[in-house]
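What's in query-v5.csv: CSV, C-alpha atoms
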```
chain,number,residue,atom,x,y,z
A,1,MET,CA,-10.5,115.2,45.5
A,2,LYS,CA,-6.7,115.3,45.2
A,3,ARG,CA,-6.2,115.6,48.9
A,4,PHE,CA,-7.7,112.1,49.4
A,5,LEU,CA,-5.1,110.5,47.1
A,6,PRO,CA,-1.8,109.1,48.5
A,7,ASP,CA,1.1,111.5,48.5
A,8,THR,CA,4.2,110.7,46.4
A,9,PHE,CA,6.2,109.3,49.2
A,10,THR,CA,3.4,106.9,50.2
A,11,LEU,CA,3.2,105.7,46.6
A,12,LEU,CA,7.0,105.1,46.6
A,13,LEU,CA,6.6,103.1,49.9
A,14,LEU,CA,3.9,101.0,48.4
A,15,SER,CA,6.0,100.4,45.3
A,16,THR,CA,8.9,99.4,47.5
A,17,VAL,CA,6.7,96.9,49.3
A,18,LEU,CA,5.5,95.5,46.0
A,19,LEU,CA,9.1,95.2,44.7
A,20,ALA,CA,10.1,93.4,47.9
A,21,THR,CA,7.2,91.0,47.5
A,22,ILE,CA,8.0,90.2,43.8
A,23,LEU,CA,11.8,90.3,44.0
A,24,PRO,CA,12.9,90.0,47.7
A,25,ALA,CA,16.5,90.2,48.6
A,26,THR,CA,17.9,86.7,49.4
A,27,GLY,CA,21.2,85.0,50.1
A,28,SER,CA,24.3,87.2,50.0
A,29,PHE,CA,22.3,90.1,48.5
A,30,GLU,CA,20.1,90.1,51.6
A,31,HIS,CA,23.2,90.6,53.8
A,32,VAL,CA,24.4,93.4,51.5
A,33,MET,CA,21.0,95.1,51.7
A,34,HIS,CA,20.9,94.8,55.5
A,35,LEU,CA,24.3,96.4,55.7
A,36,ALA,CA,23.3,99.2,53.2
A,37,SER,CA,20.1,99.8,55.2
A,38,ASN,CA,22.0,100.2,58.5
A,39,ILE,CA,24.5,102.6,56.9
A,40,ALA,CA,21.6,104.6,55.3
A,41,ILE,CA,19.7,104.8,58.6
A,42,ALA,CA,22.9,106.1,60.4
A,43,LEU,CA,23.4,108.7,57.6
A,44,LEU,CA,19.8,109.7,57.8
A,45,PHE,CA,20.0,110.5,61.5
A,46,PHE,CA,23.4,112.2,61.1
A,47,LEU,CA,21.8,114.6,58.6
A,48,HIS,CA,18.9,115.2,61.0
A,49,GLY,CA,21.4,116.2,63.7
A,50,ALA,CA,23.2,118.5,61.3
A,51,ARG,CA,19.9,120.2,60.4
A,52,LEU,CA,18.8,120.8,64.0
A,53,SER,CA,18.7,124.5,64.9
A,54,ARG,CA,19.6,124.8,68.6
A,55,GLU,CA,18.1,128.3,68.7
A,56,ALA,CA,14.7,126.9,67.4
A,57,ALA,CA,14.8,124.1,69.9
A,58,LEU,CA,15.6,126.3,72.9
A,59,SER,CA,13.0,129.0,71.9
A,60,GLY,CA,10.2,126.9,73.3
A,61,PHE,CA,11.2,127.3,76.9
A,62,ARG,CA,9.0,130.4,76.8
A,63,GLN,CA,5.9,128.1,76.7
A,64,PRO,CA,6.7,125.1,78.9
A,65,ARG,CA,3.0,124.3,79.6
A,66,LEU,CA,2.2,123.9,75.9
A,67,HIS,CA,5.2,121.8,75.1
A,68,LEU,CA,4.8,119.5,78.2
A,69,LEU,CA,1.2,118.9,77.2
A,70,THR,CA,2.2,118.2,73.6
A,71,LEU,CA,4.9,115.7,74.7
A,72,SER,CA,2.4,114.1,77.1
A,73,CYS,CA,0.0,113.5,74.2
A,74,THR,CA,2.7,112.0,72.1
A,75,PHE,CA,4.3,109.7,74.6
A,76,ILE,CA,1.6,109.1,77.3
A,77,LEU,CA,-1.9,109.6,75.8
A,78,PHE,CA,-1.2,107.7,72.6
A,79,PRO,CA,0.3,104.6,74.3
A,80,ALA,CA,-2.6,104.6,76.8
A,81,LEU,CA,-5.2,104.7,74.0
A,82,GLY,CA,-3.4,102.0,72.1
A,83,LEU,CA,-3.3,99.7,75.1
A,84,LEU,CA,-6.9,100.4,75.9
A,85,LEU,CA,-8.0,99.5,72.3
A,86,GLN,CA,-6.0,96.3,72.4
A,87,ALA,CA,-7.5,95.4,75.8
A,88,VAL,CA,-11.0,96.0,74.6
A,89,ALA,CA,-10.6,94.1,71.2
A,90,PRO,CA,-7.5,91.9,71.4
A,91,GLY,CA,-8.8,89.7,68.6
A,92,LEU,CA,-9.5,92.5,66.1
A,93,LEU,CA,-6.0,92.4,64.7
A,94,THR,CA,-3.3,89.8,64.5
A,95,PRO,CA,-0.6,89.9,67.3
A,96,GLN,CA,2.0,91.3,64.9
A,97,LEU,CA,-0.3,94.1,63.7
A,98,TRP,CA,-1.2,95.0,67.3
A,99,LEU,CA,2.6,95.1,67.9
A,100,GLY,CA,2.8,97.6,65.0
A,101,VAL,CA,-0.1,99.7,66.3
A,102,LEU,CA,1.4,100.0,69.7
A,103,PHE,CA,4.8,100.8,68.2
A,104,VAL,CA,3.1,103.7,66.3
A,105,CYS,CA,1.8,104.9,69.7
A,106,THR,CA,5.3,105.2,71.0
A,107,LEU,CA,6.8,107.2,68.1
A,108,PRO,CA,7.6,111.0,68.2
A,109,SER,CA,5.7,113.6,66.3
A,110,THR,CA,6.6,114.6,62.7
A,111,VAL,CA,8.7,117.7,62.1
A,112,GLN,CA,8.1,119.1,58.6
A,113,SER,CA,4.4,118.3,58.2
A,114,SER,CA,3.5,119.4,61.8
A,115,ILE,CA,5.1,122.7,61.2
A,116,ALA,CA,3.7,123.0,57.7
A,117,PHE,CA,0.1,122.3,58.8
A,118,THR,CA,0.5,124.7,61.7
A,119,SER,CA,1.6,127.4,59.3
A,120,ILE,CA,-1.3,126.6,56.9
A,121,ALA,CA,-3.8,126.8,59.8
A,122,ARG,CA,-2.3,130.1,61.0
A,123,GLY,CA,-1.1,128.7,64.3
A,124,ASN,CA,1.9,129.5,66.5
A,125,VAL,CA,4.7,128.4,64.1
A,126,PRO,CA,7.7,129.1,66.4
A,127,ALA,CA,6.1,126.9,69.1
A,128,ALA,CA,5.4,124.2,66.5
A,129,ILE,CA,9.1,124.3,65.5
A,130,CYS,CA,10.2,123.8,69.1
A,131,GLY,CA,7.6,121.2,69.9
A,132,ALA,CA,8.2,119.0,66.9
A,133,THR,CA,11.9,119.3,67.2
A,134,ALA,CA,11.9,118.4,70.9
A,135,SER,CA,9.6,115.5,70.3
A,136,ASN,CA,11.9,114.0,67.7
A,137,LEU,CA,15.0,114.6,69.8
A,138,LEU,CA,13.5,113.1,72.9
A,139,GLY,CA,11.9,110.3,70.9
A,140,ILE,CA,15.3,108.8,70.0
A,141,ILE,CA,15.5,107.9,73.7
A,142,ILE,CA,11.9,107.7,74.8
A,143,THR,CA,10.6,105.5,72.0
A,144,PRO,CA,12.9,102.5,72.6
A,145,LEU,CA,12.3,102.8,76.3
A,146,LEU,CA,8.6,102.7,75.8
A,147,VAL,CA,8.9,99.8,73.3
A,148,THR,CA,11.0,97.9,75.8
A,149,TRP,CA,8.5,98.6,78.6
A,150,LEU,CA,5.2,98.2,76.7
A,151,LEU,CA,6.0,95.6,74.2
A,152,HIS,CA,8.5,93.4,76.0
A,153,ARG,CA,5.9,90.6,76.4
A,154,HIS,CA,5.8,90.3,72.6
A,155,GLN,CA,9.5,89.9,72.2
A,156,ASP,CA,10.1,86.3,73.5
A,157,GLY,CA,13.6,86.0,74.9
A,158,SER,CA,14.7,89.4,73.7
A,159,ASP,CA,17.0,91.7,75.7
A,160,GLY,CA,15.3,95.1,76.1
A,161,LEU,CA,18.6,96.7,77.2
A,162,GLN,CA,20.3,95.4,74.1
A,163,GLN,CA,17.5,97.0,71.9
A,164,VAL,CA,17.9,100.4,73.6
A,165,THR,CA,21.7,100.2,73.2
A,166,GLY,CA,21.2,99.4,69.5
A,167,ILE,CA,19.1,102.5,69.1
A,168,LEU,CA,21.6,104.7,71.0
A,169,LEU,CA,24.5,103.5,68.9
A,170,GLN,CA,22.8,103.4,65.5
A,171,LEU,CA,20.5,106.5,65.8
A,172,LEU,CA,21.4,108.7,68.7
A,173,LEU,CA,25.2,108.7,68.2
A,174,PRO,CA,25.0,109.7,64.5
A,175,PHE,CA,22.4,112.4,65.4
A,176,VAL,CA,24.7,113.9,68.1
A,177,LEU,CA,27.7,113.7,65.9
A,178,GLY,CA,25.8,115.6,63.1
A,179,ASN,CA,24.7,118.3,65.5
A,180,VAL,CA,28.2,118.7,66.9
A,181,LEU,CA,29.5,119.2,63.4
A,182,ARG,CA,26.7,121.6,62.5
A,183,PRO,CA,28.9,124.8,62.8
A,184,TRP,CA,31.1,123.4,60.0
A,185,ILE,CA,28.5,121.6,57.8
A,186,GLY,CA,25.2,123.4,58.7
A,187,GLU,CA,25.5,125.9,55.9
A,188,TRP,CA,26.2,123.2,53.3
A,189,VAL,CA,23.3,121.2,54.6
A,190,THR,CA,21.0,124.2,54.3
A,191,ARG,CA,22.1,124.9,50.7
A,192,ASN,CA,21.6,121.3,49.6
A,193,LYS,CA,18.2,120.7,51.4
A,194,GLY,CA,16.7,119.2,48.2
A,195,LEU,CA,19.5,116.8,47.6
A,196,LEU,CA,19.5,115.7,51.2
A,197,ALA,CA,15.8,115.1,51.2
A,198,VAL,CA,16.4,112.6,48.4
A,199,VAL,CA,19.0,110.9,50.7
A,200,ASP,CA,16.5,110.9,53.5
A,201,ARG,CA,13.7,109.3,51.6
A,202,GLY,CA,16.1,106.9,49.8
A,203,GLY,CA,17.4,105.7,53.2
A,204,ILE,CA,13.8,105.0,54.4
A,205,LEU,CA,12.9,103.2,51.2
A,206,LEU,CA,16.0,101.1,51.5
A,207,ALA,CA,15.1,100.2,55.0
A,208,VAL,CA,11.6,99.3,53.9
A,209,TYR,CA,12.9,97.1,51.1
A,210,ALA,CA,15.2,95.2,53.4
A,211,ALA,CA,12.5,94.7,56.1
A,212,PHE,CA,9.8,93.5,53.7
A,213,SER,CA,12.3,91.3,51.8
A,214,ALA,CA,13.0,89.4,55.0
A,215,ALA,CA,9.3,89.2,55.8
A,216,VAL,CA,8.4,87.9,52.4
A,217,VAL,CA,11.1,85.2,52.6
A,218,GLN,CA,9.5,84.2,55.9
A,219,GLY,CA,6.1,83.9,54.2
A,220,VAL,CA,4.6,86.9,55.9
A,221,TRP,CA,1.8,87.5,53.4
A,222,HIS,CA,0.4,84.0,54.1
A,223,LEU,CA,-0.2,85.1,57.7
A,224,PHE,CA,-1.9,88.4,56.8
A,225,PRO,CA,-5.7,88.0,56.0
A,226,PRO,CA,-6.8,90.7,53.5
A,227,GLN,CA,-9.6,91.9,55.8
A,228,GLN,CA,-7.0,92.9,58.4
A,229,LEU,CA,-6.1,96.0,56.3
A,230,ALA,CA,-9.6,97.4,56.7
A,231,LEU,CA,-9.6,96.7,60.4
A,232,LEU,CA,-6.1,98.3,60.7
A,233,VAL,CA,-7.5,101.4,59.0
A,234,LEU,CA,-10.4,101.4,61.6
A,235,VAL,CA,-8.0,101.1,64.6
A,236,ASN,CA,-5.8,103.9,63.2
A,237,ALA,CA,-8.8,106.1,62.6
A,238,ILE,CA,-10.0,105.6,66.2
A,239,LEU,CA,-6.5,106.5,67.5
A,240,LEU,CA,-6.0,109.5,65.3
A,241,GLY,CA,-9.5,110.9,65.7
A,242,GLY,CA,-9.5,110.3,69.4
A,243,VAL,CA,-6.3,112.2,70.0
A,244,ILE,CA,-7.4,115.1,67.8
A,245,VAL,CA,-10.7,115.4,69.7
A,246,LEU,CA,-9.0,115.1,73.1
A,247,THR,CA,-6.2,117.7,72.2
A,248,THR,CA,-8.8,120.1,70.9
A,249,TYR,CA,-11.0,120.0,74.0
A,250,ALA,CA,-8.0,120.0,76.4
A,251,SER,CA,-6.6,123.1,74.8
A,252,ARG,CA,-9.9,124.9,75.1
A,253,ALA,CA,-10.4,123.7,78.7
A,254,LEU,CA,-7.0,125.1,79.6
A,255,ARG,CA,-7.9,128.4,77.8
A,256,PHE,CA,-5.0,128.2,75.2
A,257,SER,CA,-5.1,130.8,72.5
A,258,ARG,CA,-6.3,129.6,69.1
A,259,PRO,CA,-2.7,129.6,67.6
A,260,ASP,CA,-1.5,127.4,70.6
A,261,GLU,CA,-4.5,125.1,70.2
A,262,ILE,CA,-3.4,124.5,66.6
A,263,VAL,CA,0.1,123.6,67.8
A,264,LEU,CA,-1.3,121.1,70.3
A,265,VAL,CA,-3.6,119.5,67.8
A,266,PHE,CA,-1.1,119.1,65.0
A,267,CYS,CA,2.1,118.3,67.0
A,268,GLY,CA,0.3,116.2,69.5
A,269,SER,CA,-1.6,114.0,67.1
A,270,LYS,CA,1.1,113.2,64.5
A,271,LYS,CA,3.5,110.3,64.3
A,272,SER,CA,6.8,110.2,62.4
A,273,LEU,CA,7.2,107.8,59.6
A,274,ALA,CA,10.7,109.1,59.1
A,275,SER,CA,11.7,108.1,62.6
A,276,GLY,CA,9.5,105.0,62.8
A,277,ILE,CA,10.9,103.0,60.0
A,278,PRO,CA,14.6,103.2,61.1
A,279,MET,CA,13.7,102.6,64.7
A,280,ALA,CA,11.6,99.5,63.8
A,281,SER,CA,14.4,98.1,61.7
A,282,VAL,CA,16.6,98.2,64.8
A,283,LEU,CA,14.0,97.3,67.5
A,284,PHE,CA,12.3,94.5,65.6
A,285,ALA,CA,15.1,93.0,63.5
A,286,GLY,CA,14.5,89.4,62.9
A,287,SER,CA,10.9,89.4,64.3
A,288,GLY,CA,8.7,90.1,61.2
A,289,VAL,CA,9.5,93.8,61.0
A,290,GLY,CA,7.7,94.0,57.7
A,291,ILE,CA,4.2,93.6,59.1
A,292,VAL,CA,5.2,95.8,62.1
A,293,LEU,CA,5.8,98.6,59.6
A,294,LEU,CA,2.3,98.5,58.0
A,295,PRO,CA,0.5,100.4,60.8
A,296,ILE,CA,2.8,103.4,60.6
A,297,MET,CA,2.6,103.4,56.8
A,298,VAL,CA,-1.2,103.5,56.9
A,299,PHE,CA,-1.2,106.0,59.8
A,300,HIS,CA,1.1,108.3,57.8
A,301,GLN,CA,-1.3,108.6,54.9
A,302,MET,CA,-4.3,109.0,57.2
A,303,GLN,CA,-2.8,111.8,59.2
A,304,LEU,CA,-1.8,113.7,56.1
A,305,MET,CA,-5.3,113.5,54.7
A,306,LEU,CA,-7.1,114.4,57.9
A,307,CYS,CA,-4.7,117.2,59.0
A,308,ALA,CA,-4.8,118.8,55.5
A,309,ALA,CA,-8.6,119.2,55.8
A,310,LEU,CA,-8.3,120.3,59.4
A,311,ALA,CA,-5.7,122.9,58.6
A,312,ARG,CA,-7.8,124.5,55.9
A,313,ARG,CA,-10.8,124.6,58.3
A,314,TYR,CA,-8.6,126.3,61.0
A,315,ALA,CA,-7.3,128.8,58.4
A,316,ALA,CA,-10.7,129.8,57.3
A,317,GLY,CA,-11.5,131.1,60.8
A,318,THR,CA,-8.1,132.3,62.1
A,319,PRO,CA,-6.5,135.7,61.3
A,320,GLU,CA,-3.1,135.4,59.7
A,321,PRO,CA,-0.3,135.6,62.4
A,322,ALA,CA,2.5,138.1,62.2
A,323,HIS,CA,5.1,135.4,62.8
A,324,GLY,CA,4.4,133.3,59.7
A,325,ALA,CA,7.9,133.9,58.4
A,326,GLU,CA,9.2,131.6,61.2
A,327,ALA,CA,8.2,128.7,59.0
A,328,GLU,CA,11.6,129.3,57.2
A,329,HIS,CA,13.2,127.4,60.1
A,330,LEU,CA,11.8,124.1,58.8
A,331,THR,CA,14.4,121.5,59.4
A,332,GLY,CA,13.8,119.6,56.2
A,333,LYS,CA,13.1,116.3,57.9
A,334,PRO,CA,10.8,114.0,55.9
A,335,VAL,CA,7.2,113.7,57.1
```
I'd like the structure from this file rewritten - as structure tokens, please.
Amino acid sequence: MKRFLPDTFTLLLLSTVLLATILPATGSFEHVMHLASNIAIALLFFLHGARLSREAALSGFRQPRLHLLTLSCTFILFPALGLLLQAVAPGLLTPQLWLGVLFVCTLPSTVQSSIAFTSIARGNVPAAICGATASNLLGIIITPLLVTWLLHRHQDGSDGLQQVTGILLQLLLPFVLGNVLRPWIGEWVTRNKGLLAVVDRGGILLAVYAAFSAAVVQGVWHLFPPQQLALLVLVNAILLGGVIVLTTYASRALRFSRPDEIVLVFCGSKKSLASGIPMASVLFAGSGVGIVLLPIMVFHQMQLMLCAALARRYAAGTPEPAHGAEAEHLTGKPV
């Protein structure tokens, strides 16, 4: 029963949304929170870069077919399914929620939970480390490009090139700087993994508070019918379930080993809340980012619940691999 309850971080996110609804940041405090949010996001990606093990990232070149398929699921299959759902039932969700759903479809995979679930399911952990790391690294560039291409029609008068430039300056530049400095600060980052996880989650919560404060001031909840939440859960369930089914059958049609199938299923079906919230804060600033964030927050909890059950099912029928110790290479990035 416990596995169906929200995880601690989801409860913190919901509490932050509630706080922003009751006590939104306004006036000069809003500007302070916006600046603090931008600094926290830059710091978050700097730490992600400092954690990245180049050896783990490069190890996956030994399995190019698996990783190309995983990346294709993340950045091609998901957007295609999202666009198909919107085309079939455009009136099912409000335009702003569809914007958020399509944004979820463009996001990279998670790192920590993808690797953790692969390990629980007794899959190919080294391949999961490589695949999840590559997805997040490439996502810093691919996600804003996909958003500009797929969602440009939603951004009236916006400059797509300016959005991509904003992502590169606020997210990619700190990430690269952190990775460049890894030889000098990597050991300290590894020793203080717990403290830095608090910094990570604190930065994300700060970004959520700033985003929802602006949305509340604009009267966003008056534009959000309660029944839309149930429909959003349904749309997310179709997306998540559809990708898991397709990745499972694709891996078997291509005769992947069971450990590699587990990698494709878990890395190919997950979406990163940790990357999504900072990116949304940059890409959708001033355009109702609060509602845009709801789909990824709902999707985050749904993927944890479903993948936890799926990992236990895989583990029950899979011999324990000899490379389980590779899970020690976890980067520490939040789910």
query: By how many Å are CA of Leu92 (chain A) and CA of Leu231 (chain A) apart?
result: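 Straight-line distance from CA of Leu92 (chain A) to CA of Leu231 (chain A) works out to 7.1 Å.
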Long-range neighbours of Ala128 (chain A) as a list in words, 8 Å cut-off, all atoms listed in the file, 2 positions minimum in chain: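 Once the adjacent positions are removed, what remains is Ser114, Ile115, Thr118, Asn124, Val125, Pro126, Cys130, Gly131, Ala132, Val263 and Cys267 of chain A.
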d(CA of Leu239 (chain A), CA of Phe266 (chain A)) in Å: 13.9 Å
Within 12 Å of region 18-21 of chain A using all atoms listed in the file, minus same-chain residues under 2 positions, as a count of residues only: 31
task: Pick out the closest residue to Phe9 (chain A) from this set: A:Asn38, A:Asn236, A:Gln301, A:Gln170. Count all atoms listed in the file.
output: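 Of A:Asn38, A:Asn236, A:Gln301, A:Gln170, the one nearest Phe9 (chain A) is A:Gln301, counting all atoms listed in the file.
Note that CA of Leu293 (chain A) and CA of Pro144 (chain A) are 15.3 Å apart.
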Can you report as AutoDock Vina command-line options the centre and edge lengths in Å, to one decimal, of an axis-aligned box around the listed atoms of region 296-299 of chain A padded with 4 Å on each side?
```
--center_x 0.8 --center_y 104.7 --center_z 58.7 --size_x 12.0 --size_y 10.6 --size_z 11.8
```
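Shortest atom-to-atom contact with Ser37 (chain A) among A:Met279, A:Leu246, A:Leu71, A:Ala127: A:Met279, counting all atoms listed in the file.
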Take region 247-275 of chain A, model N, CA and C atoms, and hand the result over as a PDB file, in the coordinates of the input.
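Final file, selection-v4.pdb:
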```pdb
ATOM      1  N   THR A 247      -7.150 116.532  72.203  1.00  0.00           N
ATOM      2  CA  THR A 247      -6.200 117.700  72.200  1.00  0.00           C
ATOM      3  C   THR A 247      -7.023 118.990  71.986  1.00  0.00           C
ATOM      4  N   THR A 248      -8.035 118.922  71.139  1.00  0.00           N
ATOM      5  CA  THR A 248      -8.800 120.100  70.900  1.00  0.00           C
ATOM      6  C   THR A 248      -9.573 120.572  72.138  1.00  0.00           C
ATOM      7  N   TYR A 249     -10.261 119.641  72.790  1.00  0.00           N
ATOM      8  CA  TYR A 249     -11.000 120.000  74.000  1.00  0.00           C
ATOM      9  C   TYR A 249     -10.114 120.336  75.168  1.00  0.00           C
ATOM     10  N   ALA A 250      -8.963 119.670  75.269  1.00  0.00           N
ATOM     11  CA  ALA A 250      -8.000 120.000  76.400  1.00  0.00           C
ATOM     12  C   ALA A 250      -7.475 121.380  76.225  1.00  0.00           C
ATOM     13  N   SER A 251      -7.135 121.788  74.996  1.00  0.00           N
ATOM     14  CA  SER A 251      -6.600 123.100  74.800  1.00  0.00           C
ATOM     15  C   SER A 251      -7.622 124.198  75.140  1.00  0.00           C
ATOM     16  N   ARG A 252      -8.876 123.924  74.834  1.00  0.00           N
ATOM     17  CA  ARG A 252      -9.900 124.900  75.100  1.00  0.00           C
ATOM     18  C   ARG A 252     -10.254 124.921  76.628  1.00  0.00           C
ATOM     19  N   ALA A 253     -10.203 123.751  77.275  1.00  0.00           N
ATOM     20  CA  ALA A 253     -10.400 123.700  78.700  1.00  0.00           C
ATOM     21  C   ALA A 253      -9.339 124.446  79.476  1.00  0.00           C
ATOM     22  N   LEU A 254      -8.112 124.415  78.935  1.00  0.00           N
ATOM     23  CA  LEU A 254      -7.000 125.100  79.600  1.00  0.00           C
ATOM     24  C   LEU A 254      -6.858 126.554  79.086  1.00  0.00           C
ATOM     25  N   ARG A 255      -7.808 127.000  78.256  1.00  0.00           N
ATOM     26  CA  ARG A 255      -7.900 128.400  77.800  1.00  0.00           C
ATOM     27  C   ARG A 255      -6.608 128.767  76.961  1.00  0.00           C
ATOM     28  N   PHE A 256      -6.128 127.832  76.154  1.00  0.00           N
ATOM     29  CA  PHE A 256      -5.000 128.200  75.200  1.00  0.00           C
ATOM     30  C   PHE A 256      -5.578 129.113  74.168  1.00  0.00           C
ATOM     31  N   SER A 257      -4.712 129.951  73.657  1.00  0.00           N
ATOM     32  CA  SER A 257      -5.100 130.800  72.500  1.00  0.00           C
ATOM     33  C   SER A 257      -5.304 129.870  71.301  1.00  0.00           C
ATOM     34  N   ARG A 258      -6.015 130.380  70.301  1.00  0.00           N
ATOM     35  CA  ARG A 258      -6.300 129.600  69.100  1.00  0.00           C
ATOM     36  C   ARG A 258      -4.968 129.142  68.402  1.00  0.00           C
ATOM     37  N   PRO A 259      -3.973 130.031  68.232  1.00  0.00           N
ATOM     38  CA  PRO A 259      -2.700 129.600  67.600  1.00  0.00           C
ATOM     39  C   PRO A 259      -2.034 128.475  68.408  1.00  0.00           C
ATOM     40  N   ASP A 260      -2.089 128.504  69.759  1.00  0.00           N
ATOM     41  CA  ASP A 260      -1.500 127.400  70.600  1.00  0.00           C
ATOM     42  C   ASP A 260      -2.308 126.159  70.504  1.00  0.00           C
ATOM     43  N   GLU A 261      -3.625 126.301  70.388  1.00  0.00           N
ATOM     44  CA  GLU A 261      -4.500 125.100  70.200  1.00  0.00           C
ATOM     45  C   GLU A 261      -4.081 124.383  68.936  1.00  0.00           C
ATOM     46  N   ILE A 262      -3.811 125.133  67.890  1.00  0.00           N
ATOM     47  CA  ILE A 262      -3.400 124.500  66.600  1.00  0.00           C
ATOM     48  C   ILE A 262      -2.117 123.745  66.773  1.00  0.00           C
ATOM     49  N   VAL A 263      -1.185 124.291  67.537  1.00  0.00           N
ATOM     50  CA  VAL A 263       0.100 123.600  67.800  1.00  0.00           C
ATOM     51  C   VAL A 263      -0.165 122.273  68.496  1.00  0.00           C
ATOM     52  N   LEU A 264      -0.978 122.314  69.549  1.00  0.00           N
ATOM     53  CA  LEU A 264      -1.300 121.100  70.300  1.00  0.00           C
ATOM     54  C   LEU A 264      -1.947 120.049  69.461  1.00  0.00           C
ATOM     55  N   VAL A 265      -2.903 120.475  68.655  1.00  0.00           N
ATOM     56  CA  VAL A 265      -3.600 119.500  67.800  1.00  0.00           C
ATOM     57  C   VAL A 265      -2.741 118.875  66.792  1.00  0.00           C
ATOM     58  N   PHE A 266      -1.935 119.663  66.086  1.00  0.00           N
ATOM     59  CA  PHE A 266      -1.100 119.100  65.000  1.00  0.00           C
ATOM     60  C   PHE A 266       0.130 118.393  65.498  1.00  0.00           C
ATOM     61  N   CYS A 267       0.835 118.978  66.452  1.00  0.00           N
ATOM     62  CA  CYS A 267       2.100 118.300  67.000  1.00  0.00           C
ATOM     63  C   CYS A 267       1.732 117.160  67.874  1.00  0.00           C
ATOM     64  N   GLY A 268       0.605 117.246  68.594  1.00  0.00           N
ATOM     65  CA  GLY A 268       0.300 116.200  69.500  1.00  0.00           C
ATOM     66  C   GLY A 268      -0.389 114.977  68.916  1.00  0.00           C
ATOM     67  N   SER A 269      -0.880 115.104  67.672  1.00  0.00           N
ATOM     68  CA  SER A 269      -1.600 114.000  67.100  1.00  0.00           C
ATOM     69  C   SER A 269      -0.830 113.288  65.947  1.00  0.00           C
ATOM     70  N   LYS A 270       0.341 113.788  65.587  1.00  0.00           N
ATOM     71  CA  LYS A 270       1.100 113.200  64.500  1.00  0.00           C
ATOM     72  C   LYS A 270       2.111 112.201  64.930  1.00  0.00           C
ATOM     73  N   LYS A 271       2.467 111.275  64.051  1.00  0.00           N
ATOM     74  CA  LYS A 271       3.500 110.300  64.300  1.00  0.00           C
ATOM     75  C   LYS A 271       4.446 110.208  63.130  1.00  0.00           C
ATOM     76  N   SER A 272       5.728 110.089  63.424  1.00  0.00           N
ATOM     77  CA  SER A 272       6.800 110.200  62.400  1.00  0.00           C
ATOM     78  C   SER A 272       7.103 108.929  61.696  1.00  0.00           C
ATOM     79  N   LEU A 273       6.793 108.874  60.422  1.00  0.00           N
ATOM     80  CA  LEU A 273       7.200 107.800  59.600  1.00  0.00           C
ATOM     81  C   LEU A 273       8.720 107.752  59.419  1.00  0.00           C
ATOM     82  N   ALA A 274       9.310 108.955  59.296  1.00  0.00           N
ATOM     83  CA  ALA A 274      10.700 109.100  59.100  1.00  0.00           C
ATOM     84  C   ALA A 274      11.554 108.518  60.225  1.00  0.00           C
ATOM     85  N   SER A 275      11.070 108.669  61.444  1.00  0.00           N
ATOM     86  CA  SER A 275      11.700 108.100  62.600  1.00  0.00           C
ATOM     87  C   SER A 275      11.308 106.639  62.835  1.00  0.00           C
TER      88      SER A 275
END
```
